[in-house]
$ cat protein25.txt   # compact mmCIF, C-alpha atoms and all ligand atoms
# COMPACT_ATOMS: atom_id res chain seq x y z
CA MET A 1155 113.37 163.21 93.69
CA ALA A 1156 115.14 162.60 96.99
CA PRO A 1157 117.66 159.74 96.84
CA LYS A 1158 116.59 156.36 98.21
CA ARG A 1159 118.10 155.82 101.64
CA ILE A 1160 119.67 152.37 101.69
CA ILE A 1161 121.35 149.94 104.06
CA ILE A 1162 123.54 147.27 102.46
CA ASP A 1163 124.25 143.85 103.98
CA THR A 1164 127.19 142.31 102.14
CA ASP A 1165 129.78 139.51 102.13
CA GLY A 1166 132.41 141.85 100.66
CA GLU A 1167 133.29 139.85 97.54
CA PHE A 1168 134.51 141.16 94.18
CA ASP A 1169 131.01 141.80 92.86
CA ASP A 1170 129.88 143.19 96.24
CA VAL A 1171 132.51 145.92 96.20
CA LEU A 1172 131.56 146.66 92.58
CA ALA A 1173 127.96 146.99 93.81
CA LEU A 1174 129.24 149.47 96.41
CA ALA A 1175 131.06 151.33 93.64
CA LEU A 1176 127.85 151.65 91.64
CA ALA A 1177 125.82 152.68 94.70
CA LEU A 1178 128.33 155.32 95.76
CA SER A 1179 128.47 156.80 92.27
CA SER A 1180 124.68 156.92 91.83
CA PRO A 1181 122.80 160.10 92.80
CA GLU A 1182 119.52 158.16 93.09
CA ILE A 1183 120.91 156.38 96.17
CA LYS A 1184 122.27 157.38 99.56
CA VAL A 1185 124.08 154.56 101.41
CA GLU A 1186 123.55 155.16 105.14
CA ALA A 1187 124.90 151.99 106.74
CA ILE A 1188 126.65 148.77 105.79
CA THR A 1189 126.60 145.46 107.63
CA THR A 1190 128.89 142.54 106.84
CA ILE A 1191 128.51 138.78 106.88
CA SER A 1192 130.91 135.95 106.18
CA GLY A 1193 130.40 134.18 102.89
CA VAL A 1194 132.85 133.02 100.25
CA ARG A 1195 135.55 134.22 102.69
CA CYS A 1196 135.54 134.68 106.48
CA LEU A 1197 134.04 137.75 108.18
CA GLU A 1198 137.39 139.54 108.72
CA ASP A 1199 138.28 139.28 105.01
CA SER A 1200 134.87 140.43 103.78
CA THR A 1201 134.72 143.31 106.28
CA GLY A 1202 138.31 144.35 105.48
CA ASP A 1203 137.48 144.77 101.83
CA VAL A 1204 134.30 146.74 102.54
CA LEU A 1205 136.35 149.13 104.72
CA ASN A 1206 139.08 149.37 102.07
CA THR A 1207 136.50 150.17 99.41
CA LEU A 1208 134.82 152.89 101.48
CA GLU A 1209 138.15 154.44 102.45
CA LEU A 1210 139.47 154.52 98.89
CA MET A 1211 136.16 155.88 97.59
CA GLY A 1212 136.17 158.64 100.22
CA HIS A 1213 133.04 157.51 102.09
CA THR A 1214 134.38 157.00 105.59
CA GLU A 1215 131.21 158.59 107.03
CA ILE A 1216 129.20 155.40 106.40
CA PRO A 1217 129.09 153.16 109.50
CA VAL A 1218 130.11 149.53 108.92
CA ALA A 1219 129.05 146.89 111.47
CA MET A 1220 130.28 143.31 111.52
CA GLY A 1221 127.73 140.52 111.64
CA PHE A 1222 127.72 136.76 112.00
CA ARG A 1223 130.95 134.76 111.60
CA GLN A 1224 129.00 131.56 110.99
CA HIS A 1225 125.52 131.00 109.59
CA PHE A 1226 122.42 129.44 111.17
CA SER A 1227 122.41 126.42 108.85
CA LYS A 1228 126.04 125.75 107.95
CA ASP A 1229 129.59 125.82 109.20
CA MET A 1230 131.32 127.71 106.39
CA THR A 1231 134.92 126.89 107.44
CA SER A 1232 135.50 124.22 104.79
CA ASN A 1233 134.20 126.59 102.13
CA TRP A 1234 136.71 129.28 103.15
CA GLU A 1235 139.49 126.67 102.90
CA ARG A 1236 138.27 125.68 99.41
CA VAL A 1237 138.34 129.35 98.37
CA ARG A 1238 141.80 129.83 99.94
CA LYS A 1239 143.10 127.02 97.71
CA ILE A 1240 141.52 128.74 94.70
CA TRP A 1241 143.32 131.99 95.61
CA ALA A 1242 146.55 130.04 96.05
CA THR A 1243 146.38 128.80 92.46
CA GLY A 1244 146.10 132.48 91.51
CA GLY A 1245 149.34 133.29 93.37
CA ARG A 1246 148.20 134.28 96.93
CA SER A 1247 148.44 132.03 99.96
CA SER A 1248 145.68 133.85 101.85
CA THR A 1249 142.31 135.42 101.02
CA SER A 1250 142.96 138.43 103.30
CA PRO A 1251 142.77 141.90 101.78
CA LEU A 1252 146.06 143.18 100.30
CA ARG A 1253 145.62 146.49 102.08
CA LYS A 1254 144.97 147.32 105.75
CA PRO A 1255 142.26 149.98 106.12
CA ASP A 1256 142.69 152.91 108.54
CA ILE A 1257 138.98 152.98 109.35
CA ARG A 1258 137.34 150.39 111.57
CA ALA A 1259 133.96 148.80 112.00
CA VAL A 1260 131.72 150.46 114.61
CA ASP A 1261 131.38 148.98 118.09
CA VAL A 1262 127.83 147.66 117.69
CA ASP A 1263 127.19 144.47 115.76
CA ALA A 1264 125.34 144.19 112.45
CA VAL A 1265 122.02 143.10 113.95
CA GLU A 1266 122.02 146.00 116.39
CA LEU A 1267 122.87 148.53 113.67
CA LEU A 1268 120.18 147.15 111.34
CA ILE A 1269 117.52 147.32 114.04
CA SER A 1270 118.47 150.75 115.38
CA LYS A 1271 118.59 152.40 111.92
CA VAL A 1272 115.30 150.91 110.78
CA MET A 1273 113.37 151.42 114.04
CA GLN A 1274 114.54 155.03 114.47
CA GLU A 1275 112.97 156.00 111.13
CA PRO A 1276 110.25 153.50 110.23
CA GLY A 1277 109.33 153.36 106.54
CA GLU A 1278 112.47 155.24 105.46
CA PHE A 1279 114.99 152.57 104.51
CA THR A 1280 115.43 150.21 101.59
CA LEU A 1281 117.51 147.16 102.46
CA VAL A 1282 119.91 145.65 99.93
CA THR A 1283 121.27 142.16 100.66
CA LEU A 1284 124.24 140.75 98.75
CA GLY A 1285 125.19 137.75 100.88
CA ALA A 1286 123.65 135.10 103.11
CA LEU A 1287 120.60 136.36 105.02
CA THR A 1288 121.82 135.48 108.54
CA ASN A 1289 122.16 139.06 109.88
CA VAL A 1290 118.79 140.08 108.47
CA ALA A 1291 116.99 136.97 109.76
CA ALA A 1292 118.46 137.62 113.22
CA ALA A 1293 117.14 141.20 113.09
CA ILE A 1294 113.69 139.90 112.09
CA LEU A 1295 113.71 137.40 114.96
CA ARG A 1296 114.96 139.93 117.53
CA GLU A 1297 112.65 142.79 116.53
CA PRO A 1298 109.24 141.58 115.28
CA ARG A 1299 108.47 145.02 113.78
CA PHE A 1300 111.72 145.08 111.76
CA SER A 1301 110.37 143.92 108.39
CA SER A 1302 107.22 146.05 108.53
CA CYS A 1303 109.34 149.12 109.33
CA LEU A 1304 111.48 148.64 106.20
CA ARG A 1305 110.19 150.28 103.06
CA GLU A 1306 111.25 147.37 100.78
CA SER A 1307 114.25 145.20 100.03
CA TYR A 1308 116.43 144.15 97.09
CA THR A 1309 118.23 140.84 97.27
CA MET A 1310 120.88 139.02 95.27
CA GLY A 1311 120.09 135.37 95.72
CA GLY A 1312 118.30 132.33 94.45
CA ALA A 1313 117.86 130.32 91.29
CA VAL A 1314 114.12 129.97 90.78
CA LEU A 1315 113.87 129.31 87.05
CA VAL A 1316 117.46 128.32 86.28
CA GLN A 1317 120.20 125.99 87.55
CA GLY A 1318 121.96 126.88 90.79
CA ASN A 1319 125.67 127.60 91.18
CA MET A 1320 126.35 125.38 94.23
CA ASN A 1321 124.36 122.42 92.96
CA PRO A 1322 121.61 122.07 90.32
CA VAL A 1323 119.01 123.87 92.45
CA ALA A 1324 120.71 126.25 94.89
CA GLU A 1325 122.49 129.59 94.59
CA PHE A 1326 125.36 130.40 97.00
CA ASN A 1327 123.77 133.12 99.18
CA ILE A 1328 120.65 131.03 99.85
CA TRP A 1329 122.51 127.68 99.95
CA SER A 1330 124.85 128.95 102.65
CA ASP A 1331 121.97 129.74 105.03
CA PRO A 1332 118.60 128.31 103.95
CA GLU A 1333 117.09 128.68 107.44
CA ALA A 1334 117.84 132.40 107.45
CA ALA A 1335 116.53 132.79 103.89
CA LYS A 1336 113.26 131.07 104.84
CA ILE A 1337 112.74 133.50 107.72
CA TYR A 1338 113.47 136.42 105.39
CA PHE A 1339 111.10 135.38 102.58
CA ASN A 1340 108.31 134.67 105.06
CA SER A 1341 108.70 137.94 106.96
CA GLY A 1342 106.15 139.98 105.01
CA LEU A 1343 108.84 142.08 103.28
CA ASN A 1344 108.31 143.26 99.74
CA ILE A 1345 111.36 141.84 97.93
CA THR A 1346 112.88 142.45 94.51
CA LEU A 1347 114.94 139.35 93.75
CA VAL A 1348 117.99 139.53 91.51
CA GLY A 1349 118.92 135.88 91.20
CA LEU A 1350 120.79 133.65 88.77
CA GLU A 1351 118.08 134.28 86.14
CA VAL A 1352 120.02 137.48 85.41
CA TYR A 1353 123.22 137.31 87.52
CA TYR A 1354 125.53 136.06 84.75
CA LYS A 1355 124.04 138.23 82.02
CA ALA A 1356 125.93 141.45 82.73
CA ARG A 1357 129.53 140.74 81.88
CA LEU A 1358 132.17 143.31 81.11
CA ARG A 1359 134.38 142.57 78.13
CA GLN A 1360 138.11 142.49 78.86
CA ASP A 1361 138.75 145.91 77.26
CA GLN A 1362 135.88 147.39 79.34
CA TRP A 1363 137.15 146.11 82.65
CA ASN A 1364 140.76 146.95 81.89
CA ASN A 1365 139.56 150.45 81.28
CA VAL A 1366 137.47 150.73 84.46
CA ALA A 1367 140.26 149.09 86.50
CA GLN A 1368 142.50 152.06 85.73
CA SER A 1369 139.91 154.75 86.37
CA SER A 1370 140.66 155.41 90.08
CA GLU A 1371 142.85 154.29 92.97
CA ALA A 1372 139.83 152.47 94.43
CA MET A 1373 139.17 150.51 91.26
CA GLN A 1374 142.87 149.74 90.85
CA TYR A 1375 142.93 148.28 94.35
CA ILE A 1376 139.78 146.21 93.79
CA PHE A 1377 141.09 144.62 90.60
CA GLU A 1378 144.55 144.01 92.09
CA ASN A 1379 143.16 142.57 95.33
CA PHE A 1380 140.72 140.20 93.68
CA ASP A 1381 143.07 139.13 90.91
CA PRO A 1382 143.28 135.47 92.09
CA TRP A 1383 139.47 135.30 92.13
CA ILE A 1384 139.16 136.99 88.74
CA LYS A 1385 141.59 134.41 87.32
CA TYR A 1386 139.46 131.64 88.82
CA LEU A 1387 136.23 133.03 87.35
CA ASP A 1388 137.94 133.15 83.99
CA ARG A 1389 139.19 129.53 84.19
CA HIS A 1390 135.85 128.35 85.53
CA ASP A 1391 133.84 129.23 82.44
CA PRO A 1392 135.93 129.48 79.26
CA SER A 1393 132.77 130.23 77.22
CA LYS A 1394 132.90 133.80 78.63
CA ALA A 1395 136.02 134.47 76.52
CA GLY A 1396 137.66 136.61 79.20
CA ALA A 1397 134.53 138.59 80.09
CA LEU A 1398 133.95 139.33 83.76
CA GLU A 1399 130.70 139.05 85.72
CA ILE A 1400 129.75 141.89 88.04
CA GLY A 1401 126.63 140.18 89.40
CA ASP A 1402 125.86 141.86 92.76
CA ALA A 1403 126.06 145.28 91.10
CA LEU A 1404 122.84 144.33 89.26
CA THR A 1405 120.98 144.59 92.55
CA ILE A 1406 121.92 148.27 92.71
CA GLY A 1407 121.05 148.56 89.00
CA ALA A 1408 117.55 147.28 89.79
CA ILE A 1409 117.07 150.26 92.14
CA VAL A 1410 118.70 152.89 89.94
CA GLU A 1411 117.21 151.82 86.57
CA PRO A 1412 114.27 149.50 87.27
CA ASP A 1413 113.20 149.61 83.62
CA LEU A 1414 116.27 147.63 82.59
CA PHE A 1415 114.73 144.58 84.29
CA THR A 1416 111.74 142.41 83.36
CA LYS A 1417 110.01 141.11 86.47
CA GLN A 1418 107.37 138.58 87.41
CA ARG A 1419 105.39 138.85 90.62
CA CYS A 1420 105.38 135.62 92.64
CA PHE A 1421 105.71 134.03 96.05
CA ILE A 1422 109.13 132.65 96.93
CA ASP A 1423 109.77 130.14 99.68
CA VAL A 1424 112.97 128.29 100.57
CA GLU A 1425 113.59 124.55 100.98
CA THR A 1426 115.46 123.86 104.21
CA LYS A 1427 115.11 120.11 104.70
CA GLY A 1428 115.59 118.42 101.34
CA GLU A 1429 118.38 115.87 101.20
CA LEU A 1430 119.30 117.09 97.70
CA THR A 1431 117.48 120.40 97.56
CA SER A 1432 118.28 122.38 100.70
CA GLY A 1433 118.66 126.05 99.71
CA MET A 1434 116.38 125.77 96.69
CA THR A 1435 114.24 128.85 96.05
CA VAL A 1436 110.74 127.69 95.15
CA GLY A 1437 108.52 130.08 93.17
CA TYR A 1438 104.71 129.99 93.24
CA GLY A 1439 102.51 131.92 90.83
CA LEU A 1440 104.94 131.73 87.91
CA SER A 1441 102.74 129.32 85.97
CA ALA A 1442 99.09 128.32 86.04
CA ARG A 1443 100.13 124.94 87.44
CA SER A 1444 101.67 126.39 90.59
CA PRO A 1445 99.21 129.02 91.75
CA ALA A 1446 100.42 131.54 94.30
CA PRO A 1447 99.04 132.00 97.79
CA LYS A 1448 96.96 135.15 98.38
CA THR A 1449 99.92 137.39 99.14
CA MET A 1450 102.91 137.57 96.84
CA ASN A 1451 106.25 138.53 98.40
CA THR A 1452 108.59 138.96 95.44
CA ASP A 1453 109.24 140.71 92.13
CA LEU A 1454 111.53 138.18 90.47
CA CYS A 1455 113.87 139.61 87.82
CA VAL A 1456 113.53 137.18 84.92
CA ASP A 1457 115.42 139.13 82.25
CA MET A 1458 117.44 142.30 81.79
CA ASN A 1459 119.04 144.63 79.28
CA ALA A 1460 122.69 143.75 79.87
CA ASN A 1461 124.16 146.21 77.32
CA GLU A 1462 122.40 149.19 78.88
CA PHE A 1463 123.33 148.05 82.38
CA ASN A 1464 127.01 147.72 81.43
CA LYS A 1465 126.90 151.21 79.92
CA LEU A 1466 125.39 152.62 83.11
CA PHE A 1467 127.90 150.79 85.32
CA LEU A 1468 130.93 151.96 83.32
CA GLU A 1469 129.76 155.57 83.05
CA ARG A 1470 128.99 155.88 86.75
CA VAL A 1471 132.00 154.09 88.17
CA LYS A 1472 134.47 155.86 85.87
CA LYS A 1473 133.03 159.21 86.88
CA GLY A 1474 133.93 158.60 90.55
CA PHE A 1475 132.33 158.46 93.96
O1 LIG A 1501 125.91 133.40 93.96
C1 LIG A 1501 126.50 134.65 93.80
C2 LIG A 1501 126.60 135.36 95.14
O2 LIG A 1501 127.53 134.68 96.00
C3 LIG A 1501 127.12 136.78 95.03
O3 LIG A 1501 126.46 137.59 95.94
C4 LIG A 1501 128.58 136.61 95.38
O4 LIG A 1501 129.17 137.82 95.81
C5 LIG A 1501 128.52 135.58 96.48
O5 LIG A 1501 128.10 136.18 97.68
CA CA A 1502 127.89 138.83 97.54
$ encode --input "protein25.txt" --output "structure tokens"
Amino acid sequence: MAPKRIIIDTDGEFDDVLALALALSSPEIKVEAITTISGVRCLEDSTGDVLNTLELMGHTEIPVAMGFRQHFSKDMTSNWERVRKIWATGGRSSTSPLRKPDIRAVDVDAVELLISKVMQEPGEFTLVTLGALTNVAAAILREPRFSSCLRESYTMGGAVLVQGNMNPVAEFNIWSDPEAAKIYFNSGLNITLVGLEVYYKARLRQDQWNNVAQSSEAMQYIFENFDPWIKYLDRHDPSKAGALEIGDALTIGAIVEPDLFTKQRCFIDVETKGELTSGMTVGYGLSARSPAPKTMNTDLCVDMNANEFNKLFLERVKKGF
């Protein structure tokens, strides 16, 4: 079977670059473009680490376009400062990448690259989103045929059946731009949603990640660069006993090995106005008491086989890119 042709929109965090590692080591997938968005860190930091990852993995042919610095719904500046303080407690005064890439982002912006790729070959591309949905929502607003010309999409985001990670109801990628997420979920796209129902399930034990961290120059860089963040994740949840989450990589896993995931078809919408609940992903059709509208938009991943996913991730990434 021909590999799936994918475009990835990412905020360049630790688990995002591990998602890139899995995508670039998977023969079922061909990554044809990457767009970046600010998120946990500012746009320059997230883009820098995407470029570093591609360069070290030997995939400099993939165009990278920079997207929005700020989101529709929120000014993220105070969040970046909060994260900088977290990195400082891990021994680094800045969240900038440790390494300066030789390659650069292309001259067009993320929205332009998304639209031109998708509209040149309608029906060909699968979109993968690993950050806030600002770039994608802007593409949907600018080009009304954008969503219908995509084949499908896979998204890390949301907490439909479980607690959020920014507050009790909202997950970071949706919380940081609810307006954009609402546009995305109501665009007619067929979405596979990898949210917090499964995000924290695939964790590498310390011996496993020590092993993968030494498997290539690219992996060495990733683990060294994100060390302050890895230390924070460890402190944040002592119940993990040193295990490390690789969440966004699950979104690639859902494309490569769909059978590892249990899904429920539903309709997802996003709360944008709630005083306490802005960024909440609301699922219809998941129980008889909340019937779905006529058209469902989402396959929600409700469970997964974490052991098999970890095995797949380790085998692929250790083999190289
Ligand atoms: O909530 C987890 C998400 O937020 C992941 O995509 C992580 O990389 C950050 O973007
Ligand atoms: Ca991410």
$ residues_around --input "protein25.txt" --residues "Phe1380 of chain A" --least-positions-apart "3" --cutoff "10 Å" --atoms "all atoms listed in the file" --output "list in words"
Glu1167, Phe1168, Asp1169, Asp1203, Trp1241, Gly1244, Thr1249, Pro1251, Leu1252, Tyr1375, Ile1376, Phe1377, Trp1383, Ile1384, Lys1385 and Tyr1386 of chain A
$ closest_atom_pairs --input "protein25.txt" --of "chain A" --to "ligand CA 1502 (chain A)" --cutoff "10 Å" --atoms "all atoms listed in the file" --output "Markdown table"
| residue | atom | partner | partner_atom | distance |
| --- | --- | --- | --- | --- |
| A:Asp1163 | CA | A:CA1502 | CA | 8.9 |
| A:Thr1164 | CA | A:CA1502 | CA | 5.8 |
| A:Asp1165 | CA | A:CA1502 | CA | 5.0 |
| A:Gly1166 | CA | A:CA1502 | CA | 6.3 |
| A:Glu1167 | CA | A:CA1502 | CA | 5.5 |
| A:Phe1168 | CA | A:CA1502 | CA | 7.8 |
| A:Asp1169 | CA | A:CA1502 | CA | 6.4 |
| A:Asp1170 | CA | A:CA1502 | CA | 5.0 |
| A:Val1171 | CA | A:CA1502 | CA | 8.6 |
| A:Leu1172 | CA | A:CA1502 | CA | 10.0 |
| A:Ala1173 | CA | A:CA1502 | CA | 9.0 |
| A:Ile1191 | CA | A:CA1502 | CA | 9.4 |
| A:Ser1192 | CA | A:CA1502 | CA | 9.6 |
| A:Gly1193 | CA | A:CA1502 | CA | 7.5 |
| A:Val1194 | CA | A:CA1502 | CA | 8.1 |
| A:Ser1200 | CA | A:CA1502 | CA | 9.5 |
| A:Thr1283 | CA | A:CA1502 | CA | 8.0 |
| A:Leu1284 | CA | A:CA1502 | CA | 4.3 |
| A:Gly1285 | CA | A:CA1502 | CA | 4.4 |
| A:Ala1286 | CA | A:CA1502 | CA | 7.9 |
| A:Thr1309 | CA | A:CA1502 | CA | 9.9 |
| A:Met1310 | CA | A:CA1502 | CA | 7.4 |
| A:Gly1311 | CA | A:CA1502 | CA | 8.7 |
| A:Phe1326 | CA | A:CA1502 | CA | 8.8 |
| A:Asn1327 | CA | A:CA1502 | CA | 7.2 |
| A:Gly1401 | CA | A:CA1502 | CA | 8.3 |
| A:Asp1402 | CA | A:CA1502 | CA | 6.0 |
| A:Ala1403 | CA | A:CA1502 | CA | 9.3 |
$ atom_distance --input "protein25.txt" --atom1 "atom CA of Ser1302 of chain A" --atom2 "atom CA of Gly1277 of chain A"
7.9 Å
$ atom_distance --input "protein25.txt" --atom1 "atom CA of Ala1259 of chain A" --atom2 "atom CA of Ala1367 of chain A"
26.3 Å
$ atom_distance --input "protein25.txt" --atom1 "atom CA of Pro1255 of chain A" --atom2 "atom CA of Cys1196 of chain A"
16.7 Å
$ closest_residue --input "protein25.txt" --among "A:Val1265, A:Leu1358, A:Met1273, A:Leu1174" --to "ligand LIG 1501 (chain A)" --atoms "only C-alpha atoms and all ligand atoms"
A:Leu1174
$ axis_aligned_box --input "protein25.txt" --around "ligand LIG 1501 (chain A)" --padding-each-side "3 Å" --output "JSON"
{"center_x": 127.5, "center_y": 135.6, "center_z": 95.7, "size_x": 9.3, "size_y": 10.4, "size_z": 9.9}
$ closest_residue --input "protein25.txt" --among "A:Met1434, A:Leu1178, A:Gln1362, A:Glu1235" --to "Asn1319 of chain A" --atoms "only C-alpha atoms"
A:Met1434
$ closest_residue --input "protein25.txt" --among "A:Arg1258, A:Arg1419, A:Arg1305, A:Lys1472" --to "Glu1371 of chain A" --atoms "only C-alpha atoms"
A:Lys1472
$ residues_around --input "protein25.txt" --residues "Gly1312 of chain A" --least-positions-apart "3" --cutoff "7 Å" --atoms "all atoms listed in the file" --output "ChimeraX atom specification"
/A:1324-1325,1328,1349-1350,1435
$ build_atoms --input "protein25.txt" --residues "segment 1400-1413 of chain A" --atoms "N, CA and C atoms" --output "tab-separated table (two decimals), keeping the file's coordinate frame"
chain	number	residue	atom	x	y	z
A	1400	ILE	N	129.77	140.87	86.99
A	1400	ILE	CA	129.75	141.89	88.04
A	1400	ILE	C	128.42	141.79	88.79
A	1401	GLY	N	127.96	140.53	88.93
A	1401	GLY	CA	126.63	140.18	89.40
A	1401	GLY	C	125.96	141.01	90.48
A	1402	ASP	N	126.57	141.16	91.67
A	1402	ASP	CA	125.86	141.86	92.76
A	1402	ASP	C	125.54	143.30	92.40
A	1403	ALA	N	126.33	143.89	91.51
A	1403	ALA	CA	126.06	145.28	91.10
A	1403	ALA	C	124.69	145.42	90.42
A	1404	LEU	N	124.17	144.29	89.89
A	1404	LEU	CA	122.84	144.33	89.26
A	1404	LEU	C	121.76	144.71	90.27
A	1405	THR	N	121.98	144.31	91.51
A	1405	THR	CA	120.98	144.59	92.55
A	1405	THR	C	120.84	146.10	92.74
A	1406	ILE	N	121.96	146.80	92.65
A	1406	ILE	CA	121.92	148.27	92.71
A	1406	ILE	C	121.29	148.80	91.41
A	1407	GLY	N	121.65	148.17	90.29
A	1407	GLY	CA	121.05	148.56	89.00
A	1407	GLY	C	119.53	148.47	89.04
A	1408	ALA	N	119.01	147.46	89.72
A	1408	ALA	CA	117.55	147.28	89.79
A	1408	ALA	C	116.87	148.42	90.56
A	1409	ILE	N	117.62	149.10	91.43
A	1409	ILE	CA	117.07	150.26	92.14
A	1409	ILE	C	117.20	151.51	91.27
A	1410	VAL	N	118.38	151.67	90.67
A	1410	VAL	CA	118.70	152.89	89.94
A	1410	VAL	C	117.94	152.96	88.61
A	1411	GLU	N	117.88	151.86	87.89
A	1411	GLU	CA	117.21	151.82	86.57
A	1411	GLU	C	116.28	150.62	86.49
A	1412	PRO	N	115.15	150.68	87.22
A	1412	PRO	CA	114.27	149.50	87.27
A	1412	PRO	C	113.80	149.05	85.89
A	1413	ASP	N	113.73	149.99	84.94
A	1413	ASP	CA	113.20	149.61	83.62
A	1413	ASP	C	114.13	148.70	82.83
